[in-house]
$ cat target_19.pdb   # PDB, C-alpha atoms
ATOM      1  CA  LEU X   1      61.404  35.497  45.206  1.00  0.00           C
ATOM      2  CA  ALA X   2      58.119  37.063  46.172  1.00  0.00           C
ATOM      3  CA  ARG X   3      59.876  40.361  46.819  1.00  0.00           C
ATOM      4  CA  PRO X   4      60.130  42.832  43.946  1.00  0.00           C
ATOM      5  CA  GLU X   5      63.452  42.893  42.122  1.00  0.00           C
ATOM      6  CA  ARG X   6      65.590  45.934  42.935  1.00  0.00           C
ATOM      7  CA  THR X   7      69.220  46.915  43.057  1.00  0.00           C
ATOM      8  CA  ALA X   8      71.486  46.203  46.004  1.00  0.00           C
ATOM      9  CA  ALA X   9      71.741  49.973  46.631  1.00  0.00           C
ATOM     10  CA  GLU X  10      67.946  50.313  46.824  1.00  0.00           C
ATOM     11  CA  ALA X  11      67.737  47.361  49.194  1.00  0.00           C
ATOM     12  CA  LEU X  12      70.411  48.817  51.486  1.00  0.00           C
ATOM     13  CA  HIS X  13      68.450  52.041  51.901  1.00  0.00           C
ATOM     14  CA  GLY X  14      65.363  50.057  52.881  1.00  0.00           C
ATOM     15  CA  THR X  15      66.995  48.026  55.664  1.00  0.00           C
ATOM     16  CA  GLY X  16      66.136  50.415  58.476  1.00  0.00           C
ATOM     17  CA  LEU X  17      69.712  50.184  59.745  1.00  0.00           C
ATOM     18  CA  PRO X  18      71.580  53.333  60.787  1.00  0.00           C
ATOM     19  CA  ALA X  19      73.264  55.198  57.918  1.00  0.00           C
ATOM     20  CA  ARG X  20      76.632  54.696  59.624  1.00  0.00           C
ATOM     21  CA  THR X  21      76.205  50.905  59.458  1.00  0.00           C
ATOM     22  CA  VAL X  22      74.961  50.958  55.874  1.00  0.00           C
ATOM     23  CA  ASP X  23      77.565  53.397  54.534  1.00  0.00           C
ATOM     24  CA  GLY X  24      80.500  52.371  56.735  1.00  0.00           C
ATOM     25  CA  VAL X  25      80.114  48.577  56.695  1.00  0.00           C
ATOM     26  CA  LEU X  26      77.478  47.102  54.380  1.00  0.00           C
ATOM     27  CA  ARG X  27      78.085  49.295  51.321  1.00  0.00           C
ATOM     28  CA  PRO X  28      81.891  48.772  51.323  1.00  0.00           C
ATOM     29  CA  LEU X  29      81.444  45.048  52.023  1.00  0.00           C
ATOM     30  CA  LEU X  30      78.952  44.549  49.194  1.00  0.00           C
ATOM     31  CA  THR X  31      81.093  46.669  46.876  1.00  0.00           C
ATOM     32  CA  ALA X  32      83.981  44.283  47.587  1.00  0.00           C
ATOM     33  CA  LEU X  33      81.938  41.080  47.349  1.00  0.00           C
ATOM     34  CA  LEU X  34      80.112  42.072  44.154  1.00  0.00           C
ATOM     35  CA  SER X  35      82.852  44.152  42.454  1.00  0.00           C
ATOM     36  CA  ASP X  36      80.116  46.703  41.847  1.00  0.00           C
ATOM     37  CA  PRO X  37      80.839  50.210  43.215  1.00  0.00           C
ATOM     38  CA  GLY X  38      77.373  51.476  42.230  1.00  0.00           C
ATOM     39  CA  LEU X  39      75.644  48.422  43.749  1.00  0.00           C
ATOM     40  CA  THR X  40      73.458  48.028  40.664  1.00  0.00           C
ATOM     41  CA  THR X  41      73.598  44.236  41.106  1.00  0.00           C
ATOM     42  CA  SER X  42      70.364  42.410  41.926  1.00  0.00           C
ATOM     43  CA  SER X  43      69.390  42.673  45.586  1.00  0.00           C
ATOM     44  CA  ARG X  44      68.705  38.933  45.535  1.00  0.00           C
ATOM     45  CA  TYR X  45      72.274  38.180  44.511  1.00  0.00           C
ATOM     46  CA  ALA X  46      73.536  40.656  47.140  1.00  0.00           C
ATOM     47  CA  ASP X  47      71.474  38.823  49.780  1.00  0.00           C
ATOM     48  CA  LEU X  48      73.097  35.527  48.770  1.00  0.00           C
ATOM     49  CA  ALA X  49      76.581  37.060  48.891  1.00  0.00           C
ATOM     50  CA  LEU X  50      75.991  38.516  52.371  1.00  0.00           C
ATOM     51  CA  ARG X  51      74.526  35.256  53.654  1.00  0.00           C
ATOM     52  CA  ASP X  52      77.435  33.212  52.320  1.00  0.00           C
ATOM     53  CA  TYR X  53      79.951  35.720  53.677  1.00  0.00           C
ATOM     54  CA  ALA X  54      78.337  35.623  57.138  1.00  0.00           C
ATOM     55  CA  ARG X  55      78.419  31.819  57.102  1.00  0.00           C
ATOM     56  CA  GLY X  56      82.053  31.768  56.020  1.00  0.00           C
ATOM     57  CA  GLY X  57      81.084  30.257  52.676  1.00  0.00           C
ATOM     58  CA  LEU X  58      82.802  32.728  50.392  1.00  0.00           C
ATOM     59  CA  CYS X  59      86.334  31.897  49.495  1.00  0.00           C
ATOM     60  CA  VAL X  60      88.973  32.057  46.817  1.00  0.00           C
ATOM     61  CA  PRO X  61      90.028  28.881  45.024  1.00  0.00           C
ATOM     62  CA  ALA X  62      93.367  27.418  46.086  1.00  0.00           C
ATOM     63  CA  GLY X  63      95.851  28.083  43.319  1.00  0.00           C
ATOM     64  CA  GLY X  64      93.868  30.985  41.863  1.00  0.00           C
ATOM     65  CA  SER X  65      90.795  31.272  39.662  1.00  0.00           C
ATOM     66  CA  SER X  66      92.405  29.368  36.797  1.00  0.00           C
ATOM     67  CA  ALA X  67      92.327  26.233  38.975  1.00  0.00           C
ATOM     68  CA  LEU X  68      88.519  26.292  39.216  1.00  0.00           C
ATOM     69  CA  PRO X  69      87.643  24.904  35.748  1.00  0.00           C
ATOM     70  CA  GLU X  70      90.299  22.230  36.161  1.00  0.00           C
ATOM     71  CA  LEU X  71      88.780  21.166  39.505  1.00  0.00           C
ATOM     72  CA  LEU X  72      85.274  21.020  38.019  1.00  0.00           C
ATOM     73  CA  ALA X  73      86.412  18.999  35.001  1.00  0.00           C
ATOM     74  CA  ALA X  74      88.442  16.577  37.133  1.00  0.00           C
ATOM     75  CA  ALA X  75      85.275  15.483  38.951  1.00  0.00           C
ATOM     76  CA  LEU X  76      83.563  14.425  35.695  1.00  0.00           C
ATOM     77  CA  PRO X  77      83.964  11.217  33.690  1.00  0.00           C
ATOM     78  CA  PRO X  78      86.764  11.309  31.080  1.00  0.00           C
ATOM     79  CA  GLY X  79      85.731  12.709  27.698  1.00  0.00           C
ATOM     80  CA  THR X  80      82.751  14.706  28.989  1.00  0.00           C
ATOM     81  CA  VAL X  81      84.470  18.096  28.881  1.00  0.00           C
ATOM     82  CA  ARG X  82      85.875  19.785  25.797  1.00  0.00           C
ATOM     83  CA  THR X  83      87.829  22.991  26.180  1.00  0.00           C
ATOM     84  CA  GLY X  84      89.123  25.520  23.674  1.00  0.00           C
ATOM     85  CA  VAL X  85      86.152  24.890  21.381  1.00  0.00           C
ATOM     86  CA  HIS X  86      84.510  27.732  19.426  1.00  0.00           C
ATOM     87  CA  VAL X  87      80.759  27.356  20.033  1.00  0.00           C
ATOM     88  CA  THR X  88      78.516  28.875  17.355  1.00  0.00           C
ATOM     89  CA  ALA X  89      75.068  27.866  18.705  1.00  0.00           C
ATOM     90  CA  VAL X  90      73.583  26.227  21.800  1.00  0.00           C
ATOM     91  CA  GLY X  91      70.328  24.405  22.403  1.00  0.00           C
ATOM     92  CA  ILE X  92      68.714  22.347  25.115  1.00  0.00           C
ATOM     93  CA  THR X  93      70.154  19.056  23.838  1.00  0.00           C
ATOM     94  CA  SER X  94      72.997  20.073  21.545  1.00  0.00           C
ATOM     95  CA  VAL X  95      75.893  22.412  20.923  1.00  0.00           C
ATOM     96  CA  ARG X  96      77.145  23.460  17.486  1.00  0.00           C
ATOM     97  CA  THR X  97      80.868  24.076  17.247  1.00  0.00           C
ATOM     98  CA  LYS X  98      83.112  25.453  14.548  1.00  0.00           C
ATOM     99  CA  GLU X  99      85.581  22.584  14.900  1.00  0.00           C
ATOM    100  CA  HIS X 100      83.366  19.527  15.522  1.00  0.00           C
ATOM    101  CA  GLY X 101      79.911  20.352  14.139  1.00  0.00           C
ATOM    102  CA  GLU X 102      76.934  19.440  16.300  1.00  0.00           C
ATOM    103  CA  LEU X 103      77.455  17.618  19.592  1.00  0.00           C
ATOM    104  CA  GLY X 104      74.637  16.123  21.634  1.00  0.00           C
ATOM    105  CA  CYS X 105      74.490  16.857  25.355  1.00  0.00           C
ATOM    106  CA  ARG X 106      72.354  16.309  28.450  1.00  0.00           C
ATOM    107  CA  SER X 107      73.485  19.554  30.045  1.00  0.00           C
ATOM    108  CA  LEU X 108      75.604  22.550  29.179  1.00  0.00           C
ATOM    109  CA  LEU X 109      77.883  24.821  31.168  1.00  0.00           C
ATOM    110  CA  LEU X 110      78.512  27.978  29.169  1.00  0.00           C
ATOM    111  CA  ALA X 111      81.713  29.488  30.575  1.00  0.00           C
ATOM    112  CA  THR X 112      82.326  32.704  28.678  1.00  0.00           C
ATOM    113  CA  GLY X 113      81.984  36.445  29.000  1.00  0.00           C
ATOM    114  CA  ALA X 114      78.592  38.125  29.175  1.00  0.00           C
ATOM    115  CA  GLY X 115      78.765  39.511  25.618  1.00  0.00           C
ATOM    116  CA  ALA X 116      79.577  36.142  24.049  1.00  0.00           C
ATOM    117  CA  ALA X 117      76.909  34.448  26.181  1.00  0.00           C
ATOM    118  CA  ALA X 118      74.299  36.964  24.978  1.00  0.00           C
ATOM    119  CA  GLU X 119      75.192  36.162  21.355  1.00  0.00           C
ATOM    120  CA  LEU X 120      74.511  32.483  22.025  1.00  0.00           C
ATOM    121  CA  LEU X 121      71.462  33.011  24.259  1.00  0.00           C
ATOM    122  CA  PRO X 122      69.174  35.643  22.680  1.00  0.00           C
ATOM    123  CA  GLY X 123      67.293  37.643  25.285  1.00  0.00           C
ATOM    124  CA  LEU X 124      69.970  37.240  27.939  1.00  0.00           C
ATOM    125  CA  ARG X 125      70.423  40.506  29.818  1.00  0.00           C
ATOM    126  CA  VAL X 126      74.009  41.712  29.623  1.00  0.00           C
ATOM    127  CA  PRO X 127      74.922  43.426  32.894  1.00  0.00           C
ATOM    128  CA  ALA X 128      76.830  46.683  32.972  1.00  0.00           C
ATOM    129  CA  PHE X 129      80.583  46.251  33.135  1.00  0.00           C
ATOM    130  CA  HIS X 130      82.194  47.194  36.443  1.00  0.00           C
ATOM    131  CA  PRO X 131      85.911  47.693  35.915  1.00  0.00           C
ATOM    132  CA  VAL X 132      88.064  46.549  38.808  1.00  0.00           C
ATOM    133  CA  THR X 133      91.787  46.968  39.220  1.00  0.00           C
ATOM    134  CA  VAL X 134      93.575  44.191  41.068  1.00  0.00           C
ATOM    135  CA  LEU X 135      96.943  45.080  42.525  1.00  0.00           C
ATOM    136  CA  HIS X 136      99.317  42.303  43.543  1.00  0.00           C
ATOM    137  CA  HIS X 137     102.251  43.321  45.678  1.00  0.00           C
ATOM    138  CA  THR X 138     104.880  41.829  47.916  1.00  0.00           C
ATOM    139  CA  ALA X 139     106.068  42.716  51.392  1.00  0.00           C
ATOM    140  CA  PRO X 140     108.727  41.254  53.668  1.00  0.00           C
ATOM    141  CA  ALA X 141     106.054  40.353  56.252  1.00  0.00           C
ATOM    142  CA  PRO X 142     102.248  40.391  56.288  1.00  0.00           C
ATOM    143  CA  PRO X 143     100.388  43.063  58.258  1.00  0.00           C
ATOM    144  CA  SER X 144      98.554  42.042  61.407  1.00  0.00           C
ATOM    145  CA  THR X 145      95.234  41.678  59.554  1.00  0.00           C
ATOM    146  CA  GLY X 146      95.781  37.961  58.959  1.00  0.00           C
ATOM    147  CA  ARG X 147      93.211  36.442  56.599  1.00  0.00           C
ATOM    148  CA  SER X 148      90.706  39.296  57.035  1.00  0.00           C
ATOM    149  CA  LEU X 149      89.093  41.331  54.298  1.00  0.00           C
ATOM    150  CA  VAL X 150      89.965  44.957  55.106  1.00  0.00           C
ATOM    151  CA  LEU X 151      87.446  47.582  53.940  1.00  0.00           C
ATOM    152  CA  ASP X 152      87.790  51.323  53.405  1.00  0.00           C
ATOM    153  CA  GLY X 153      84.675  52.147  55.434  1.00  0.00           C
ATOM    154  CA  ASP X 154      84.805  55.903  54.875  1.00  0.00           C
ATOM    155  CA  ARG X 155      85.645  55.490  51.162  1.00  0.00           C
ATOM    156  CA  SER X 156      88.450  58.053  51.332  1.00  0.00           C
ATOM    157  CA  GLY X 157      91.423  56.031  50.152  1.00  0.00           C
ATOM    158  CA  PRO X 158      92.644  54.906  46.795  1.00  0.00           C
ATOM    159  CA  VAL X 159      92.021  51.241  47.759  1.00  0.00           C
ATOM    160  CA  ALA X 160      88.439  50.114  48.429  1.00  0.00           C
ATOM    161  CA  HIS X 161      89.348  46.763  49.985  1.00  0.00           C
ATOM    162  CA  THR X 162      92.320  44.498  50.423  1.00  0.00           C
ATOM    163  CA  ALA X 163      93.339  41.120  51.769  1.00  0.00           C
ATOM    164  CA  VAL X 164      96.704  39.457  52.192  1.00  0.00           C
ATOM    165  CA  MET X 165      96.110  36.695  49.662  1.00  0.00           C
ATOM    166  CA  SER X 166      99.139  34.658  50.726  1.00  0.00           C
ATOM    167  CA  GLU X 167      97.518  34.422  54.180  1.00  0.00           C
ATOM    168  CA  VAL X 168      94.252  33.253  52.599  1.00  0.00           C
ATOM    169  CA  ASP X 169      95.952  30.859  50.146  1.00  0.00           C
ATOM    170  CA  PRO X 170      99.668  30.224  50.742  1.00  0.00           C
ATOM    171  CA  SER X 171     100.090  28.848  47.198  1.00  0.00           C
ATOM    172  CA  ARG X 172      99.730  32.394  45.867  1.00  0.00           C
ATOM    173  CA  ALA X 173     103.194  33.474  47.015  1.00  0.00           C
ATOM    174  CA  PRO X 174     106.678  32.010  47.293  1.00  0.00           C
ATOM    175  CA  ALA X 175     107.481  30.450  50.667  1.00  0.00           C
ATOM    176  CA  GLY X 176     108.277  33.078  53.277  1.00  0.00           C
ATOM    177  CA  ARG X 177     106.621  35.946  51.352  1.00  0.00           C
TER     178      ARG X 177
END
$ encode --input "target_19.pdb" --output "structure tokens"
Amino acid sequence: LARPERTAAEALHGTGLPARTVDGVLRPLLTALLSDPGLTTSSRYADLALRDYARGGLCVPAGGSSALPELLAAALPPGTVRTGVHVTAVGITSVRTKEHGELGCRSLLLATGAGAAAELLPGLRVPAFHPVTVLHHTAPAPPSTGRSLVLDGDRSGPVAHTAVMSEVDPSRAPAGR
């Protein structure tokens, strides 16, 4: 944290690595990992993403992203999680809701979009929106890439990166597809 804060793009240019490595590998990889084509994301967050990717720590949740909150809630004692509640204010030890009034808490996980979070947490910086199009498709057989993340290193194609998700997580496709 002693380093000055800068964007991922600025940090890439200061690596001292050859331009071919930066532009052909690191930039497309970070663009895929961060869903940020301009690499305006914090360089610190980019460092964490690269480290986790190199260690094999980045993954997709089995069953898709909708399974993640269910997995988190399942590990907690019954009655500690309330979902589908309209929160109107948050504090260190309480949450005010439209439906239930004020609820005391020891900790809070605010799972919402950046705009709604900023309304509840004044002073929170709302990051720029980076639109991403996800294309799901089917094929009679997977390509030979296996579970790999395939990058468009020269950035010439209409697809920046792809992976055969049914190879990564078989629950994402019918058997045999």
$ residues_near_point --input "target_19.pdb" --point "(101.5, 38.8, 53.7)" --cutoff "10 Å" --atoms "all atoms listed in the file" --output "list in words"
His137, Thr138, Ala139, Pro140, Ala141, Pro142, Pro143, Ser144, Thr145, Gly146, Arg147, Ala163, Val164, Met165, Ser166, Glu167, Val168, Pro170, Ala173, Gly176 and Arg177 of chain X
$ closest_residue --input "target_19.pdb" --among "X:Leu48, X:Val22, X:Leu29, X:Leu39" --to "Thr7 (chain X)" --atoms "only C-alpha atoms"
X:Leu39
$ atom_distance --input "target_19.pdb" --atom1 "CA of Val132 (chain X)" --atom2 "CA of Thr31 (chain X)"
10.7 Å
$ atom_distance --input "target_19.pdb" --atom1 "CA of Ala19 (chain X)" --atom2 "CA of Leu58 (chain X)"
25.5 Å
$ residues_near_point --input "target_19.pdb" --point "(64.9, 43.2, 43.9)" --cutoff "12 Å" --atoms "all atoms listed in the file" --output "list in words"
Leu1, Ala2, Arg3, Pro4, Glu5, Arg6, Thr7, Ala8, Ala9, Glu10, Ala11, Leu12, Gly14, Leu39, Thr40, Thr41, Ser42, Ser43, Arg44, Tyr45, Ala46 and Asp47 of chain X
$ closest_residue --input "target_19.pdb" --among "X:Ala32, X:Leu109, X:Ala175, X:Ala116" --to "His130 (chain X)" --atoms "all atoms listed in the file"
X:Ala32
$ atom_distance --input "target_19.pdb" --atom1 "CA of Pro61 (chain X)" --atom2 "CA of Glu119 (chain X)"
28.9 Å
$ residues_around --input "target_19.pdb" --residues "Leu103 (chain X)" --least-positions-apart "5" --cutoff "9 Å" --atoms "all atoms listed in the file" --output "PyMOL selection string"
chain X and resi 93-97
$ closest_residue --input "target_19.pdb" --among "X:Ser156, X:Ser66, X:Thr80, X:Ser171" --to "Leu108 (chain X)" --atoms "all atoms listed in the file"
X:Thr80
$ closest_residue --input "target_19.pdb" --among "X:Val25, X:Arg172, X:Gly16, X:Arg51" --to "Ser65 (chain X)" --atoms "all atoms listed in the file"
X:Arg172
$ residues_around --input "target_19.pdb" --residues "Phe129 (chain X)" --least-positions-apart "3" --cutoff "10 Å" --atoms "only C-alpha atoms" --output "PyMOL selection string"
chain X and resi 35-36+114+126+132
$ closest_residue --input "target_19.pdb" --among "X:Leu110, X:Ala62, X:Leu124, X:Ala67" --to "Arg82 (chain X)" --atoms "all atoms listed in the file"
X:Leu110
$ decode --input "target_19.pdb" --residues "region 32-133 of chain X" --atoms "C-alpha atoms" --output "CSV table (one decimal), in the first residue's frame"
chain,number,residue,atom,x,y,z
X,32,ALA,CA,-10.7,-10.3,-19.3
X,33,LEU,CA,-10.1,-10.6,-15.6
X,34,LEU,CA,-11.3,-7.1,-14.7
X,35,SER,CA,-14.0,-6.7,-17.4
X,36,ASP,CA,-12.4,-3.3,-18.0
X,37,PRO,CA,-11.2,-2.6,-21.6
X,38,GLY,CA,-9.6,0.7,-20.6
X,39,LEU,CA,-7.9,-0.8,-17.6
X,40,THR,CA,-9.0,2.1,-15.4
X,41,THR,CA,-9.3,-0.2,-12.5
X,42,SER,CA,-7.0,0.2,-9.5
X,43,SER,CA,-3.5,-1.2,-10.1
X,44,ARG,CA,-3.7,-2.8,-6.6
X,45,TYR,CA,-6.8,-4.7,-7.6
X,46,ALA,CA,-5.2,-5.7,-10.9
X,47,ASP,CA,-2.1,-7.0,-9.0
X,48,LEU,CA,-4.4,-9.1,-6.8
X,49,ALA,CA,-6.2,-10.5,-9.9
X,50,LEU,CA,-3.0,-11.4,-11.6
X,51,ARG,CA,-1.6,-13.0,-8.5
X,52,ASP,CA,-4.7,-15.1,-7.9
X,53,TYR,CA,-4.8,-16.1,-11.6
X,54,ALA,CA,-1.2,-17.2,-11.5
X,55,ARG,CA,-1.8,-19.2,-8.4
X,56,GLY,CA,-4.9,-20.8,-10.0
X,57,GLY,CA,-7.1,-19.1,-7.4
X,58,LEU,CA,-9.6,-17.5,-9.8
X,59,CYS,CA,-12.6,-19.5,-10.7
X,60,VAL,CA,-16.2,-19.4,-11.5
X,61,PRO,CA,-18.8,-20.7,-9.0
X,62,ALA,CA,-20.2,-24.2,-9.7
X,63,GLY,CA,-23.8,-23.7,-10.9
X,64,GLY,CA,-23.2,-20.1,-11.9
X,65,SER,CA,-23.0,-16.8,-10.1
X,66,SER,CA,-26.5,-17.1,-8.7
X,67,ALA,CA,-25.3,-20.0,-6.5
X,68,LEU,CA,-22.7,-17.8,-4.7
X,69,PRO,CA,-25.1,-16.0,-2.3
X,70,GLU,CA,-26.8,-19.3,-1.5
X,71,LEU,CA,-23.5,-20.9,-0.7
X,72,LEU,CA,-22.5,-18.0,1.6
X,73,ALA,CA,-25.8,-18.0,3.4
X,74,ALA,CA,-25.8,-21.8,3.9
X,75,ALA,CA,-22.6,-21.5,5.9
X,76,LEU,CA,-24.3,-19.1,8.5
X,77,PRO,CA,-26.6,-19.9,11.4
X,78,PRO,CA,-30.3,-20.0,10.5
X,79,GLY,CA,-32.0,-16.6,10.7
X,80,THR,CA,-28.9,-14.5,10.2
X,81,VAL,CA,-29.5,-13.7,6.6
X,82,ARG,CA,-32.5,-11.8,5.2
X,83,THR,CA,-32.9,-11.5,1.5
X,84,GLY,CA,-35.2,-9.4,-0.7
X,85,VAL,CA,-35.3,-6.6,1.9
X,86,HIS,CA,-35.3,-3.0,0.8
X,87,VAL,CA,-32.6,-1.3,2.9
X,88,THR,CA,-33.1,2.5,3.4
X,89,ALA,CA,-30.1,3.2,5.7
X,90,VAL,CA,-27.0,1.4,7.0
X,91,GLY,CA,-24.8,2.1,10.1
X,92,ILE,CA,-22.1,0.3,11.9
X,93,THR,CA,-24.5,-1.6,14.2
X,94,SER,CA,-27.8,-1.4,12.5
X,95,VAL,CA,-29.7,-1.5,9.2
X,96,ARG,CA,-33.0,0.3,8.6
X,97,THR,CA,-35.4,-1.4,6.2
X,98,LYS,CA,-38.6,-0.5,4.6
X,99,GLU,CA,-40.3,-3.7,5.6
X,100,HIS,CA,-38.9,-4.4,9.1
X,101,GLY,CA,-37.8,-1.0,10.5
X,102,GLU,CA,-34.4,-1.0,12.3
X,103,LEU,CA,-32.5,-4.2,12.7
X,104,GLY,CA,-29.4,-4.5,14.9
X,105,CYS,CA,-26.3,-6.3,13.5
X,106,ARG,CA,-22.7,-7.1,14.3
X,107,SER,CA,-21.6,-7.0,10.7
X,108,LEU,CA,-23.1,-6.1,7.3
X,109,LEU,CA,-22.6,-7.4,3.8
X,110,LEU,CA,-24.1,-4.9,1.3
X,111,ALA,CA,-24.7,-6.9,-1.9
X,112,THR,CA,-26.1,-4.4,-4.4
X,113,GLY,CA,-25.0,-2.4,-7.4
X,114,ALA,CA,-22.6,0.5,-7.1
X,115,GLY,CA,-25.2,3.2,-7.5
X,116,ALA,CA,-27.4,1.8,-4.7
X,117,ALA,CA,-24.4,1.3,-2.5
X,118,ALA,CA,-23.3,4.9,-3.0
X,119,GLU,CA,-26.8,6.1,-1.9
X,120,LEU,CA,-26.5,4.1,1.3
X,121,LEU,CA,-22.8,4.9,1.9
X,122,PRO,CA,-22.2,8.6,1.3
X,123,GLY,CA,-18.7,9.3,0.0
X,124,LEU,CA,-18.3,5.9,-1.7
X,125,ARG,CA,-16.7,6.3,-5.1
X,126,VAL,CA,-18.8,4.9,-7.9
X,127,PRO,CA,-16.6,3.4,-10.5
X,128,ALA,CA,-17.2,3.9,-14.2
X,129,PHE,CA,-19.5,1.3,-15.8
X,130,HIS,CA,-17.7,-1.1,-18.2
X,131,PRO,CA,-20.4,-2.8,-20.3
X,132,VAL,CA,-19.6,-6.4,-21.2
X,133,THR,CA,-21.5,-8.6,-23.5
